[in-house]
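Asker: Here you go, one structure.
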Amino acid sequence: MPLEMNREVFITCAVTGSGGTQDRSPHVPRSPKEIADSAIAAAKAGAAIVHCHVRDPETGVPSRRLDYYREVTDRIRDAEVDVVLNLTAGMGGDIVFGGVENPLPPVDGTDMIGATERVAHIAECLPEICTLDCGTMNFAEADYVMTNTPGALRAMGQMMTDLGVKPEIEAFDTGHLWFAKQLVKEGILDSPALVQLCMGVPWGAPDDLNTFMAMVNNVPDDWTFSAFSLGRNQMAYASAAVLAGGNVRVGLEDNLWLGKGQLAENWQLVERANTIVSNMGARVIGPAEVREKLGLTKRAPAAK
C-alpha cells in the first residue's frame with residue numbers, strides 16, 4: 001500500500017519493562033516512586049502515554065505485586081502533569097523448560113498464573129490502557145517461552161473489555177495480528193483496536209523494513225498503531241513508524257542508550273523522539289487528544 005505519513009503523532013514511553021536491565025544502567029527505575037517519577041518526567045518531555053511494569057525495589061527483578069502497581073498508579077494520577085496510563089498485563093505467562101532432554105517439570109524462572117490473576121492489578125487500578133500480548137513466542141533464551149494461549153487471551157481480553165480498559169494489542173509477529181482480528185470478529189475486543197508493533201524482539205518479527213511493512217499492511221485501516229524496535233534502532237523506528245502512518249514508542253524498556261557510550265533517561269528518549277517527529281513535519285499530540293482519538297475516559301486520582 002502507498003505510504004501515508006501520520007501528521008498527528010502520540011509518543012508512548014515504556015518506562016522500565018521486565019527484562020534484566022536493572023543492573024545495566026543506573027537510570028532503570030526500580031521502586032514504585034522511581035518508576036512514577038520517571039513516567040512523570042517522560043510526560044513533561046512530551047509522552048502522551050506511559051507504559052509501566054513494576055519491579056522489586058531492592059533487586060530490580062520484575063514483579064507482579066499489586067501494591068506496587070497501586071502506588072505507581074496513584075503517584076502518576078496525583079502528579080501535576082496529565083498523562084494516559086498504560087499498565088502491562090503481560091506478566092504471569094512465563095515457562096522455563098528444564099532443557100532439551102528433560103523439559104518437564106519447568107524450572108526456576110517459570111511464572112504461570114491464571115487469566116484472572118494476570119488481570120487482577122488492572123481491575124484494581126483501572127488504567128486507561130493495558131497490554132494484551134496476542135500470542136505465544138520463543139524469546140532469545142534457550143528454554144524460555146512467553147505463553148499466551150488462545151483461551152487465556154480470550155478470557156483476559158473479555159475481562160479488559162468488561163472493565164472498560166482499552167487493550168493495547170502487542171503484536172510480535174503477523175500471526176498475532178491475525179488472532180487480534182479474530183478477537184475483534186468474536187466481539188471480545190472492540191473495534192477500532194489499538195496495536196503496538198513490536199519489532200526486532202528475538203524471535204519474533206525482525207525489524208527490517210520489508211517485515212515492518214508486512215506488519216503495517218496487516219493492521220486494519222481504521223485501527224491505530226504504534227511501533228518500536230530495540231536498542232540502536234529505536235530512534236530509526238520513531239521515524240519509520242510515523243512515515244508508515246503510525247505512532248511512536250521509546251523508553252528504557254526497549255533501549256538503554258541515548259548515543260554511543262551515553263546511557264539514557266526516559267525523558268531524554270522522549271525528548272529526542274519529540275524532536276524527530278516535529279522535524280518530520282508532524283505534530284506531537286498530548287493526552288487529551290489521545291483520549292479523544294482512542295475513546296478513553298480519564299481516571300480521577302484515588303480518593304484520600
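Just so we're on the same page: first chain in the C-alpha cells is A, next is B, and so on; residues restart at 1 for each chain, and ligands are numbered from 1 in the order they show up.
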Using only C-alpha atoms, which residues sit within 8 Å of region 108-120 of chain A once same-chain residues fewer than 2 positions away are excluded, as a compact mmCIF listing (two decimals) with N, CA and C atoms, in the first residue's frame?

Answerer:
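Generated file (result30.txt):
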```
# COMPACT_ATOMS: atom_id res chain seq x y z
N LEU A 66 0.59 -6.30 43.54
CA LEU A 66 -0.49 -5.36 43.31
C LEU A 66 -0.22 -4.03 44.01
N ALA A 89 -0.11 -6.16 31.18
CA ALA A 89 -0.78 -7.37 31.66
C ALA A 89 -0.07 -8.59 31.09
N GLY A 90 1.22 -8.40 30.79
CA GLY A 90 1.99 -9.47 30.15
C GLY A 90 2.66 -10.42 31.11
N MET A 91 2.65 -10.10 32.40
CA MET A 91 3.33 -10.96 33.36
C MET A 91 2.47 -12.19 33.70
N GLY A 92 3.15 -13.26 34.09
CA GLY A 92 2.42 -14.45 34.55
C GLY A 92 2.22 -15.51 33.49
N GLY A 93 2.91 -15.38 32.35
CA GLY A 93 2.82 -16.38 31.30
C GLY A 93 4.17 -16.93 30.90
N ASP A 94 5.08 -17.03 31.88
CA ASP A 94 6.47 -17.40 31.59
C ASP A 94 6.73 -18.88 31.93
N ILE A 95 7.22 -19.63 30.95
CA ILE A 95 7.65 -21.01 31.18
C ILE A 95 9.13 -21.12 30.84
N VAL A 96 9.90 -21.67 31.78
CA VAL A 96 11.30 -22.03 31.51
C VAL A 96 11.38 -23.54 31.62
N PRO A 106 8.97 -27.78 34.56
CA PRO A 106 9.61 -26.48 34.37
C PRO A 106 10.50 -26.13 35.55
N ILE A 122 -5.09 -4.83 36.95
CA ILE A 122 -5.85 -3.99 36.03
C ILE A 122 -7.21 -3.68 36.64
N ALA A 123 -7.85 -4.70 37.22
CA ALA A 123 -9.14 -4.50 37.88
C ALA A 123 -9.01 -3.57 39.08
N GLU A 124 -7.90 -3.65 39.78
CA GLU A 124 -7.68 -2.80 40.96
C GLU A 124 -7.38 -1.36 40.58
N ALA A 152 -6.57 -18.30 27.06
CA ALA A 152 -6.21 -17.29 28.04
C ALA A 152 -6.41 -15.89 27.48
N LEU A 153 -6.05 -15.69 26.21
CA LEU A 153 -6.20 -14.37 25.61
C LEU A 153 -7.66 -13.98 25.45
N ALA A 155 -10.06 -14.99 27.43
CA ALA A 155 -10.53 -14.68 28.78
C ALA A 155 -10.03 -13.32 29.24
N MET A 156 -8.74 -13.05 29.07
CA MET A 156 -8.17 -11.77 29.51
C MET A 156 -8.75 -10.61 28.71
N MET A 159 -12.16 -9.76 29.96
CA MET A 159 -12.09 -9.07 31.25
C MET A 159 -11.72 -7.60 31.05
N MET A 160 -10.75 -7.33 30.20
CA MET A 160 -10.34 -5.95 29.94
C MET A 160 -11.50 -5.14 29.35
```

Asker: Just want the 8 Å neighbourhood of region 27-42 of chain A, counted on only C-alpha atoms, with same-chain residues fewer than 6 positions away dropped. Output as a PyMOL selection string.

Answerer: chain A and resi 13+15-16+21+50+52+54-58+60+68-69+71-73+75-76+79+81+83+252+263-268+270

Asker: To one decimal in Å, tell me the separation between CA of Arg154 (chain A) and CA of Gly175 (chain A).

Answerer: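 Taking CA of Arg154 (chain A) as the start and CA of Gly175 (chain A) as the end point, the length is 15.4 Å.
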
Asker: Rank A:Gly157, A:Gly200, A:Pro26, A:Gly17 by their smallest atom-to-atom distance to Trp257 (chain A), using only C-alpha atoms, and report the top residue only.

Answerer: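 Comparing A:Gly157, A:Gly200, A:Pro26, A:Gly17 against Trp257 (chain A), the winner is A:Pro26.
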
Asker: Which polymer residues have any atom within 10 Å of an atom of Ala241 (chain A), counting only C-alpha atoms, with same-chain residues fewer than 3 positions away left out, as a PyMOL selection string?

Answerer: chain A and resi 5-6+9+197+212-213+216+225-229+235-238+244-249+277

Asker: Please save N, CA, C and O atoms of the selected residues as an mmCIF file, in the first residue's frame.

Answerer:
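Now in result-v5.cif:
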```cif
data_model
loop_
_atom_site.group_PDB
_atom_site.id
_atom_site.type_symbol
_atom_site.label_atom_id
_atom_site.label_comp_id
_atom_site.auth_asym_id
_atom_site.auth_seq_id
_atom_site.Cartn_x
_atom_site.Cartn_y
_atom_site.Cartn_z
ATOM 1 N N MET A 5 1.964 9.280 5.628
ATOM 2 C CA MET A 5 2.585 9.724 6.874
ATOM 3 C C MET A 5 1.539 10.209 7.868
ATOM 4 O O MET A 5 0.571 10.865 7.511
ATOM 5 N N ASN A 6 1.753 9.866 9.124
ATOM 6 C CA ASN A 6 0.895 10.353 10.203
ATOM 7 C C ASN A 6 1.308 11.782 10.559
ATOM 8 O O ASN A 6 2.483 12.042 10.835
ATOM 9 N N VAL A 9 0.865 12.754 15.879
ATOM 10 C CA VAL A 9 1.547 11.587 16.438
ATOM 11 C C VAL A 9 1.537 11.642 17.957
ATOM 12 O O VAL A 9 1.810 12.688 18.547
ATOM 13 N N LEU A 197 3.197 -2.556 17.377
ATOM 14 C CA LEU A 197 4.012 -3.463 16.578
ATOM 15 C C LEU A 197 5.390 -3.546 17.198
ATOM 16 O O LEU A 197 6.131 -2.557 17.238
ATOM 17 N N PHE A 212 8.524 -4.986 8.538
ATOM 18 C CA PHE A 212 7.730 -3.945 9.187
ATOM 19 C C PHE A 212 6.513 -3.580 8.348
ATOM 20 O O PHE A 212 5.385 -3.483 8.856
ATOM 21 N N MET A 213 6.699 -3.400 7.069
ATOM 22 C CA MET A 213 5.571 -3.023 6.212
ATOM 23 C C MET A 213 4.576 -4.176 6.069
ATOM 24 O O MET A 213 3.364 -3.946 5.925
ATOM 25 N N VAL A 216 2.565 -3.640 9.140
ATOM 26 C CA VAL A 216 1.689 -2.473 8.959
ATOM 27 C C VAL A 216 0.516 -2.829 8.041
ATOM 28 O O VAL A 216 -0.638 -2.465 8.311
ATOM 29 N N PHE A 225 -2.115 2.307 15.311
ATOM 30 C CA PHE A 225 -0.940 1.529 15.677
ATOM 31 C C PHE A 225 0.235 2.425 16.039
ATOM 32 O O PHE A 225 0.348 3.570 15.590
ATOM 33 N N SER A 226 1.075 1.873 16.890
ATOM 34 C CA SER A 226 2.404 2.411 17.180
ATOM 35 C C SER A 226 3.413 1.324 16.848
ATOM 36 O O SER A 226 3.038 0.168 16.623
ATOM 37 N N ALA A 227 4.679 1.683 16.844
ATOM 38 C CA ALA A 227 5.717 0.700 16.572
ATOM 39 C C ALA A 227 7.004 1.089 17.276
ATOM 40 O O ALA A 227 7.242 2.259 17.572
ATOM 41 N N PHE A 228 7.809 0.071 17.567
ATOM 42 C CA PHE A 228 9.129 0.323 18.136
ATOM 43 C C PHE A 228 10.074 -0.787 17.701
ATOM 44 O O PHE A 228 9.651 -1.858 17.256
ATOM 45 N N SER A 229 11.369 -0.508 17.846
ATOM 46 C CA SER A 229 12.395 -1.537 17.756
ATOM 47 C C SER A 229 13.351 -1.359 18.918
ATOM 48 O O SER A 229 13.253 -0.394 19.687
ATOM 49 N N MET A 235 15.379 4.884 17.621
ATOM 50 C CA MET A 235 15.063 6.186 17.028
ATOM 51 C C MET A 235 14.796 6.085 15.527
ATOM 52 O O MET A 235 14.001 6.856 14.984
ATOM 53 N N ALA A 236 15.437 5.143 14.867
ATOM 54 C CA ALA A 236 15.117 4.922 13.456
ATOM 55 C C ALA A 236 13.647 4.539 13.302
ATOM 56 O O ALA A 236 12.966 4.976 12.356
ATOM 57 N N TYR A 237 13.142 3.761 14.236
ATOM 58 C CA TYR A 237 11.744 3.358 14.173
ATOM 59 C C TYR A 237 10.798 4.465 14.593
ATOM 60 O O TYR A 237 9.610 4.437 14.226
ATOM 61 N N ALA A 238 11.275 5.439 15.329
ATOM 62 C CA ALA A 238 10.449 6.622 15.578
ATOM 63 C C ALA A 238 10.105 7.288 14.246
ATOM 64 O O ALA A 238 8.971 7.730 14.027
ATOM 65 N N ALA A 244 5.107 5.477 8.124
ATOM 66 C CA ALA A 244 4.176 4.422 7.731
ATOM 67 C C ALA A 244 2.747 4.685 8.206
ATOM 68 O O ALA A 244 1.856 3.868 7.960
ATOM 69 N N GLY A 245 2.526 5.814 8.897
ATOM 70 C CA GLY A 245 1.177 6.165 9.315
ATOM 71 C C GLY A 245 0.869 5.889 10.765
ATOM 72 O O GLY A 245 -0.291 5.979 11.190
ATOM 73 N N GLY A 246 1.913 5.576 11.551
ATOM 74 C CA GLY A 246 1.690 5.180 12.934
ATOM 75 C C GLY A 246 2.214 6.165 13.955
ATOM 76 O O GLY A 246 2.536 7.322 13.644
ATOM 77 N N ASN A 247 2.301 5.686 15.187
ATOM 78 C CA ASN A 247 2.755 6.466 16.328
ATOM 79 C C ASN A 247 4.019 5.849 16.889
ATOM 80 O O ASN A 247 4.501 4.831 16.398
ATOM 81 N N VAL A 248 4.568 6.454 17.934
ATOM 82 C CA VAL A 248 5.951 6.190 18.352
ATOM 83 C C VAL A 248 5.989 5.654 19.772
ATOM 84 O O VAL A 248 5.260 6.134 20.651
ATOM 85 N N ARG A 249 6.844 4.660 19.993
ATOM 86 C CA ARG A 249 7.173 4.219 21.348
ATOM 87 C C ARG A 249 8.679 4.247 21.527
ATOM 88 O O ARG A 249 9.434 3.717 20.703
ATOM 89 N N VAL A 277 10.006 13.656 15.438
ATOM 90 C CA VAL A 277 8.650 13.750 14.893
ATOM 91 C C VAL A 277 8.361 15.173 14.419
ATOM 92 O O VAL A 277 7.826 15.389 13.317
#
```

Asker: Show which residues sit within 10 Å of Ala140 (chain A), as a ChimeraX atom specification. Count only C-alpha atoms, and ignore same-chain residues fewer than 6 positions away.

Answerer: /A:201-204

Asker: Using the chain letters and numbers from this document, which residues of region 149-257 of chain A does DSSP assign to alpha helix (DSSP H), as a short mmCIF file (atom, residue, chain, number, x, y, z; two decimals) with all heavy atoms, in the first residue's frame?

Answerer:
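As a result, part.cif now contains:
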```cif
data_model
loop_
_atom_site.label_atom_id
_atom_site.label_comp_id
_atom_site.auth_asym_id
_atom_site.auth_seq_id
_atom_site.Cartn_x
_atom_site.Cartn_y
_atom_site.Cartn_z
N PRO A 150 -4.67 -19.14 23.10
CA PRO A 150 -5.91 -18.52 22.64
C PRO A 150 -6.98 -18.44 23.72
O PRO A 150 -7.68 -17.43 23.84
CB PRO A 150 -6.33 -19.41 21.47
CG PRO A 150 -5.04 -19.95 20.94
CD PRO A 150 -4.18 -20.17 22.15
N GLY A 151 -7.09 -19.50 24.53
CA GLY A 151 -8.09 -19.49 25.59
C GLY A 151 -7.82 -18.42 26.62
O GLY A 151 -8.73 -17.70 27.05
N ALA A 152 -6.57 -18.30 27.06
CA ALA A 152 -6.21 -17.29 28.04
C ALA A 152 -6.41 -15.89 27.48
O ALA A 152 -6.90 -14.98 28.17
CB ALA A 152 -4.76 -17.48 28.49
N LEU A 153 -6.05 -15.69 26.21
CA LEU A 153 -6.20 -14.37 25.61
C LEU A 153 -7.66 -13.98 25.45
O LEU A 153 -8.03 -12.82 25.65
CB LEU A 153 -5.48 -14.32 24.27
CG LEU A 153 -3.95 -14.35 24.36
CD1 LEU A 153 -3.34 -14.53 22.98
CD2 LEU A 153 -3.41 -13.09 25.02
N ARG A 154 -8.50 -14.95 25.10
CA ARG A 154 -9.93 -14.66 25.03
C ARG A 154 -10.47 -14.25 26.40
O ARG A 154 -11.22 -13.28 26.53
CB ARG A 154 -10.70 -15.87 24.49
CG ARG A 154 -10.55 -16.08 22.99
CD ARG A 154 -11.47 -17.19 22.49
NE ARG A 154 -11.49 -17.22 21.03
CZ ARG A 154 -10.71 -18.00 20.28
NH1 ARG A 154 -9.85 -18.83 20.87
NH2 ARG A 154 -10.78 -17.95 18.96
N ALA A 155 -10.06 -14.99 27.43
CA ALA A 155 -10.53 -14.68 28.78
C ALA A 155 -10.03 -13.32 29.24
O ALA A 155 -10.80 -12.49 29.76
CB ALA A 155 -10.10 -15.77 29.76
N MET A 156 -8.74 -13.05 29.07
CA MET A 156 -8.17 -11.77 29.51
C MET A 156 -8.75 -10.61 28.71
O MET A 156 -9.07 -9.55 29.27
CB MET A 156 -6.65 -11.82 29.38
CG MET A 156 -5.97 -12.77 30.35
SD MET A 156 -4.22 -13.02 29.98
CE MET A 156 -3.56 -11.37 30.25
N GLY A 157 -8.87 -10.79 27.40
CA GLY A 157 -9.42 -9.73 26.56
C GLY A 157 -10.84 -9.37 26.97
O GLY A 157 -11.21 -8.19 27.02
N GLN A 158 -11.65 -10.37 27.28
CA GLN A 158 -13.02 -10.10 27.70
C GLN A 158 -13.05 -9.37 29.04
O GLN A 158 -13.86 -8.45 29.24
CB GLN A 158 -13.81 -11.41 27.80
CG GLN A 158 -15.31 -11.20 28.01
CD GLN A 158 -15.94 -10.50 26.83
OE1 GLN A 158 -15.96 -11.04 25.72
NE2 GLN A 158 -16.48 -9.30 27.04
N MET A 159 -12.16 -9.76 29.96
CA MET A 159 -12.09 -9.07 31.25
C MET A 159 -11.72 -7.60 31.05
O MET A 159 -12.31 -6.71 31.68
CB MET A 159 -11.06 -9.75 32.16
CG MET A 159 -11.43 -11.12 32.65
SD MET A 159 -10.06 -11.87 33.58
CE MET A 159 -10.50 -13.61 33.52
N MET A 160 -10.75 -7.33 30.20
CA MET A 160 -10.34 -5.95 29.94
C MET A 160 -11.50 -5.14 29.35
O MET A 160 -11.77 -4.01 29.78
CB MET A 160 -9.14 -5.94 28.98
CG MET A 160 -7.89 -6.54 29.56
SD MET A 160 -6.62 -6.83 28.28
CE MET A 160 -5.35 -7.65 29.24
N THR A 161 -12.19 -5.73 28.38
CA THR A 161 -13.32 -5.04 27.77
C THR A 161 -14.41 -4.76 28.80
O THR A 161 -14.97 -3.67 28.86
CB THR A 161 -13.88 -5.87 26.60
OG1 THR A 161 -12.86 -5.99 25.60
CG2 THR A 161 -15.10 -5.23 25.98
N ASP A 162 -14.72 -5.75 29.63
CA ASP A 162 -15.75 -5.58 30.65
C ASP A 162 -15.37 -4.52 31.68
O ASP A 162 -16.25 -3.85 32.25
CB ASP A 162 -16.02 -6.91 31.36
CG ASP A 162 -16.68 -7.95 30.45
OD1 ASP A 162 -17.18 -7.56 29.37
OD2 ASP A 162 -16.69 -9.14 30.81
N LEU A 163 -14.07 -4.36 31.96
CA LEU A 163 -13.60 -3.36 32.91
C LEU A 163 -13.59 -1.95 32.31
O LEU A 163 -13.40 -0.97 33.04
CB LEU A 163 -12.19 -3.71 33.38
CG LEU A 163 -12.05 -4.90 34.33
CD1 LEU A 163 -10.59 -5.32 34.44
CD2 LEU A 163 -12.63 -4.58 35.71
N THR A 174 3.21 -11.55 12.61
CA THR A 174 1.97 -11.36 11.85
C THR A 174 0.83 -12.23 12.37
O THR A 174 -0.33 -11.83 12.32
CB THR A 174 2.20 -11.64 10.36
OG1 THR A 174 2.85 -12.91 10.22
CG2 THR A 174 3.06 -10.57 9.73
N GLY A 175 1.15 -13.42 12.88
CA GLY A 175 0.11 -14.29 13.42
C GLY A 175 -0.60 -13.67 14.61
O GLY A 175 -1.78 -13.95 14.86
N HIS A 176 0.10 -12.84 15.36
CA HIS A 176 -0.52 -12.17 16.50
C HIS A 176 -1.57 -11.17 16.02
O HIS A 176 -2.62 -11.01 16.66
CB HIS A 176 0.54 -11.46 17.34
CG HIS A 176 1.57 -12.39 17.90
ND1 HIS A 176 2.60 -11.97 18.70
CD2 HIS A 176 1.74 -13.74 17.78
CE1 HIS A 176 3.35 -13.00 19.06
NE2 HIS A 176 2.84 -14.08 18.50
N LEU A 177 -1.31 -10.51 14.91
CA LEU A 177 -2.31 -9.62 14.33
C LEU A 177 -3.51 -10.41 13.80
O LEU A 177 -4.65 -9.97 13.93
CB LEU A 177 -1.68 -8.80 13.20
CG LEU A 177 -0.69 -7.73 13.63
CD1 LEU A 177 0.04 -7.17 12.42
CD2 LEU A 177 -1.38 -6.61 14.39
N TRP A 178 -3.24 -11.55 13.22
CA TRP A 178 -4.31 -12.41 12.72
C TRP A 178 -5.25 -12.78 13.87
O TRP A 178 -6.49 -12.69 13.74
CB TRP A 178 -3.67 -13.66 12.09
CG TRP A 178 -4.60 -14.60 11.38
CD1 TRP A 178 -5.93 -14.42 11.13
CD2 TRP A 178 -4.25 -15.86 10.83
NE1 TRP A 178 -6.44 -15.51 10.45
CE2 TRP A 178 -5.43 -16.40 10.26
CE3 TRP A 178 -3.07 -16.59 10.75
CZ2 TRP A 178 -5.44 -17.66 9.62
CZ3 TRP A 178 -3.08 -17.83 10.12
CH2 TRP A 178 -4.25 -18.34 9.55
N PHE A 179 -4.68 -13.18 15.01
CA PHE A 179 -5.52 -13.56 16.14
C PHE A 179 -6.23 -12.35 16.74
O PHE A 179 -7.39 -12.44 17.16
CB PHE A 179 -4.70 -14.27 17.22
CG PHE A 179 -5.55 -14.82 18.33
CD1 PHE A 179 -6.47 -15.82 18.09
CD2 PHE A 179 -5.45 -14.32 19.61
CE1 PHE A 179 -7.29 -16.32 19.10
CE2 PHE A 179 -6.26 -14.81 20.64
CZ PHE A 179 -7.18 -15.82 20.38
N ALA A 180 -5.56 -11.20 16.77
CA ALA A 180 -6.21 -9.98 17.28
C ALA A 180 -7.46 -9.66 16.46
O ALA A 180 -8.51 -9.28 17.00
CB ALA A 180 -5.23 -8.82 17.25
N LYS A 181 -7.36 -9.81 15.14
CA LYS A 181 -8.53 -9.55 14.29
C LYS A 181 -9.65 -10.56 14.59
O LYS A 181 -10.84 -10.22 14.51
CB LYS A 181 -8.12 -9.57 12.82
CG LYS A 181 -7.33 -8.33 12.42
CD LYS A 181 -7.00 -8.29 10.94
CE LYS A 181 -5.76 -9.06 10.61
NZ LYS A 181 -5.29 -8.80 9.22
N GLN A 182 -9.26 -11.77 14.95
CA GLN A 182 -10.27 -12.77 15.31
C GLN A 182 -10.97 -12.38 16.62
O GLN A 182 -12.19 -12.55 16.75
CB GLN A 182 -9.61 -14.15 15.45
CG GLN A 182 -10.56 -15.26 15.84
CD GLN A 182 -11.61 -15.55 14.77
OE1 GLN A 182 -11.40 -15.28 13.59
NE2 GLN A 182 -12.76 -16.09 15.18
N LEU A 183 -10.22 -11.84 17.58
CA LEU A 183 -10.82 -11.39 18.83
C LEU A 183 -11.84 -10.28 18.59
O LEU A 183 -12.89 -10.22 19.25
CB LEU A 183 -9.74 -10.92 19.81
CG LEU A 183 -8.78 -11.98 20.35
CD1 LEU A 183 -7.74 -11.34 21.27
CD2 LEU A 183 -9.53 -13.08 21.09
N VAL A 184 -11.52 -9.38 17.67
CA VAL A 184 -12.47 -8.33 17.31
C VAL A 184 -13.69 -8.93 16.61
O VAL A 184 -14.84 -8.58 16.90
CB VAL A 184 -11.79 -7.26 16.43
CG1 VAL A 184 -12.82 -6.30 15.85
CG2 VAL A 184 -10.75 -6.50 17.24
N LYS A 185 -13.47 -9.86 15.70
CA LYS A 185 -14.57 -10.51 14.98
C LYS A 185 -15.51 -11.21 15.95
O LYS A 185 -16.75 -11.20 15.75
CB LYS A 185 -14.00 -11.51 13.97
CG LYS A 185 -15.05 -12.22 13.13
CD LYS A 185 -14.38 -13.16 12.13
CE LYS A 185 -15.42 -13.87 11.28
NZ LYS A 185 -14.77 -14.80 10.30
N LEU A 209 12.72 -3.36 7.14
CA LEU A 209 11.56 -2.59 6.69
C LEU A 209 10.57 -3.41 5.88
O LEU A 209 9.36 -3.11 5.89
CB LEU A 209 12.03 -1.37 5.90
CG LEU A 209 12.76 -0.30 6.73
CD1 LEU A 209 13.20 0.86 5.85
CD2 LEU A 209 11.89 0.21 7.88
N ASN A 210 11.02 -4.44 5.20
CA ASN A 210 10.08 -5.31 4.49
C ASN A 210 9.13 -5.99 5.47
O ASN A 210 7.91 -6.04 5.25
CB ASN A 210 10.82 -6.36 3.66
CG ASN A 210 11.42 -5.78 2.40
OD1 ASN A 210 10.96 -4.76 1.89
ND2 ASN A 210 12.45 -6.43 1.87
N THR A 211 9.69 -6.52 6.56
CA THR A 211 8.85 -7.17 7.56
C THR A 211 7.96 -6.15 8.26
O THR A 211 6.78 -6.41 8.53
CB THR A 211 9.72 -7.91 8.59
OG1 THR A 211 10.56 -8.85 7.92
CG2 THR A 211 8.86 -8.65 9.60
N PHE A 212 8.52 -4.99 8.54
CA PHE A 212 7.73 -3.94 9.19
C PHE A 212 6.51 -3.58 8.35
O PHE A 212 5.39 -3.48 8.86
CB PHE A 212 8.60 -2.71 9.44
CG PHE A 212 7.85 -1.54 10.03
CD1 PHE A 212 7.09 -1.69 11.18
CD2 PHE A 212 7.89 -0.30 9.42
CE1 PHE A 212 6.39 -0.61 11.72
CE2 PHE A 212 7.21 0.78 9.95
CZ PHE A 212 6.45 0.62 11.09
N MET A 213 6.70 -3.40 7.07
CA MET A 213 5.57 -3.02 6.21
C MET A 213 4.58 -4.18 6.07
O MET A 213 3.36 -3.95 5.92
CB MET A 213 6.05 -2.54 4.85
CG MET A 213 6.72 -1.16 4.89
SD MET A 213 5.76 0.10 5.78
CE MET A 213 4.22 0.12 4.85
N ALA A 214 5.06 -5.42 6.15
CA ALA A 214 4.13 -6.55 6.18
C ALA A 214 3.25 -6.48 7.43
O ALA A 214 2.04 -6.75 7.37
CB ALA A 214 4.89 -7.87 6.12
N MET A 215 3.85 -6.10 8.55
CA MET A 215 3.07 -5.93 9.78
C MET A 215 2.08 -4.78 9.62
O MET A 215 0.89 -4.91 9.93
CB MET A 215 4.02 -5.67 10.96
CG MET A 215 4.95 -6.83 11.31
SD MET A 215 4.16 -8.12 12.27
CE MET A 215 4.27 -7.43 13.92
N VAL A 216 2.56 -3.64 9.14
CA VAL A 216 1.69 -2.47 8.96
C VAL A 216 0.52 -2.83 8.04
O VAL A 216 -0.64 -2.46 8.31
CB VAL A 216 2.49 -1.28 8.39
CG1 VAL A 216 1.56 -0.15 7.95
CG2 VAL A 216 3.50 -0.78 9.42
N ASN A 217 0.79 -3.54 6.97
CA ASN A 217 -0.25 -3.86 5.99
C ASN A 217 -1.26 -4.87 6.52
O ASN A 217 -2.32 -5.07 5.91
CB ASN A 217 0.37 -4.39 4.71
CG ASN A 217 1.11 -3.30 3.94
OD1 ASN A 217 0.84 -2.11 4.11
ND2 ASN A 217 2.06 -3.70 3.10
N GLN A 234 16.00 2.09 17.89
CA GLN A 234 14.80 2.69 18.48
C GLN A 234 14.43 4.00 17.79
O GLN A 234 13.27 4.21 17.43
CB GLN A 234 15.00 2.93 19.99
CG GLN A 234 13.76 3.48 20.67
CD GLN A 234 13.92 3.58 22.17
OE1 GLN A 234 14.46 4.56 22.68
NE2 GLN A 234 13.43 2.58 22.89
N MET A 235 15.38 4.88 17.62
CA MET A 235 15.06 6.19 17.03
C MET A 235 14.80 6.08 15.53
O MET A 235 14.00 6.86 14.98
CB MET A 235 16.17 7.19 17.32
CG MET A 235 16.24 7.59 18.78
SD MET A 235 14.67 8.26 19.39
CE MET A 235 14.90 8.09 21.16
N ALA A 236 15.44 5.14 14.87
CA ALA A 236 15.12 4.92 13.46
C ALA A 236 13.65 4.54 13.30
O ALA A 236 12.97 4.98 12.36
CB ALA A 236 16.01 3.84 12.88
N TYR A 237 13.14 3.76 14.24
CA TYR A 237 11.74 3.36 14.17
C TYR A 237 10.80 4.47 14.59
O TYR A 237 9.61 4.44 14.23
CB TYR A 237 11.51 2.06 14.96
CG TYR A 237 11.52 0.89 14.01
CD1 TYR A 237 12.70 0.39 13.51
CD2 TYR A 237 10.33 0.32 13.58
CE1 TYR A 237 12.72 -0.64 12.60
CE2 TYR A 237 10.33 -0.73 12.68
CZ TYR A 237 11.52 -1.21 12.19
OH TYR A 237 11.53 -2.23 11.27
N ALA A 238 11.28 5.44 15.33
CA ALA A 238 10.45 6.62 15.58
C ALA A 238 10.10 7.29 14.25
O ALA A 238 8.97 7.73 14.03
CB ALA A 238 11.17 7.60 16.50
N SER A 239 11.08 7.34 13.34
CA SER A 239 10.84 7.89 12.01
C SER A 239 10.01 6.95 11.15
O SER A 239 9.05 7.37 10.50
CB SER A 239 12.18 8.17 11.31
OG SER A 239 12.97 9.07 12.04
N ALA A 240 10.37 5.67 11.15
CA ALA A 240 9.69 4.70 10.28
C ALA A 240 8.22 4.59 10.63
O ALA A 240 7.35 4.51 9.73
CB ALA A 240 10.37 3.34 10.38
N ALA A 241 7.91 4.58 11.92
CA ALA A 241 6.52 4.44 12.34
C ALA A 241 5.68 5.60 11.86
O ALA A 241 4.56 5.42 11.35
CB ALA A 241 6.45 4.33 13.87
N VAL A 242 6.19 6.82 12.00
CA VAL A 242 5.45 8.00 11.56
C VAL A 242 5.27 7.97 10.04
O VAL A 242 4.18 8.24 9.52
CB VAL A 242 6.17 9.28 12.00
CG1 VAL A 242 5.51 10.51 11.41
CG2 VAL A 242 6.19 9.38 13.53
N LEU A 243 6.33 7.64 9.32
CA LEU A 243 6.27 7.60 7.86
C LEU A 243 5.25 6.58 7.37
O LEU A 243 4.58 6.79 6.37
CB LEU A 243 7.66 7.29 7.30
CG LEU A 243 7.83 7.38 5.79
CD1 LEU A 243 7.53 8.78 5.27
CD2 LEU A 243 9.23 6.94 5.39
#
```

Asker: Interatomic distance between CA of Lys260 (chain A) and CA of Arg24 (chain A)?

Answerer: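 We find that CA of Lys260 (chain A) and CA of Arg24 (chain A) lie 14.6 Å from each other.
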
Asker: Can you check which residues of region 142-204 of chain A DSSP gives as strand (DSSP E) on the backbone and send them as a ChimeraX atom specification?

Answerer: /A:144-146,166-171,194-198

Asker: Identify, on the basis of only C-alpha atoms, every residue whose closest approach to Ala300 (chain A) does not exceed 10 Å; exclude the query and any residue fewer than 5 positions from it along the same chain; express the result as a short mmCIF file (atom, residue, chain, number, x, y, z; two decimals) with N, CA and C atoms, in the first residue's frame.

Answerer:
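Saved file around07.cif follows:
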```cif
data_model
loop_
_atom_site.label_atom_id
_atom_site.label_comp_id
_atom_site.auth_asym_id
_atom_site.auth_seq_id
_atom_site.Cartn_x
_atom_site.Cartn_y
_atom_site.Cartn_z
N ASP A 74 -1.22 5.62 41.67
CA ASP A 74 -1.62 6.78 42.48
C ASP A 74 -0.65 7.94 42.32
N ARG A 77 -1.25 9.57 38.88
CA ARG A 77 -2.52 10.29 38.81
C ARG A 77 -2.53 11.53 39.71
N ASP A 78 -1.73 11.51 40.78
CA ASP A 78 -1.66 12.66 41.68
C ASP A 78 -0.73 13.75 41.17
#
```
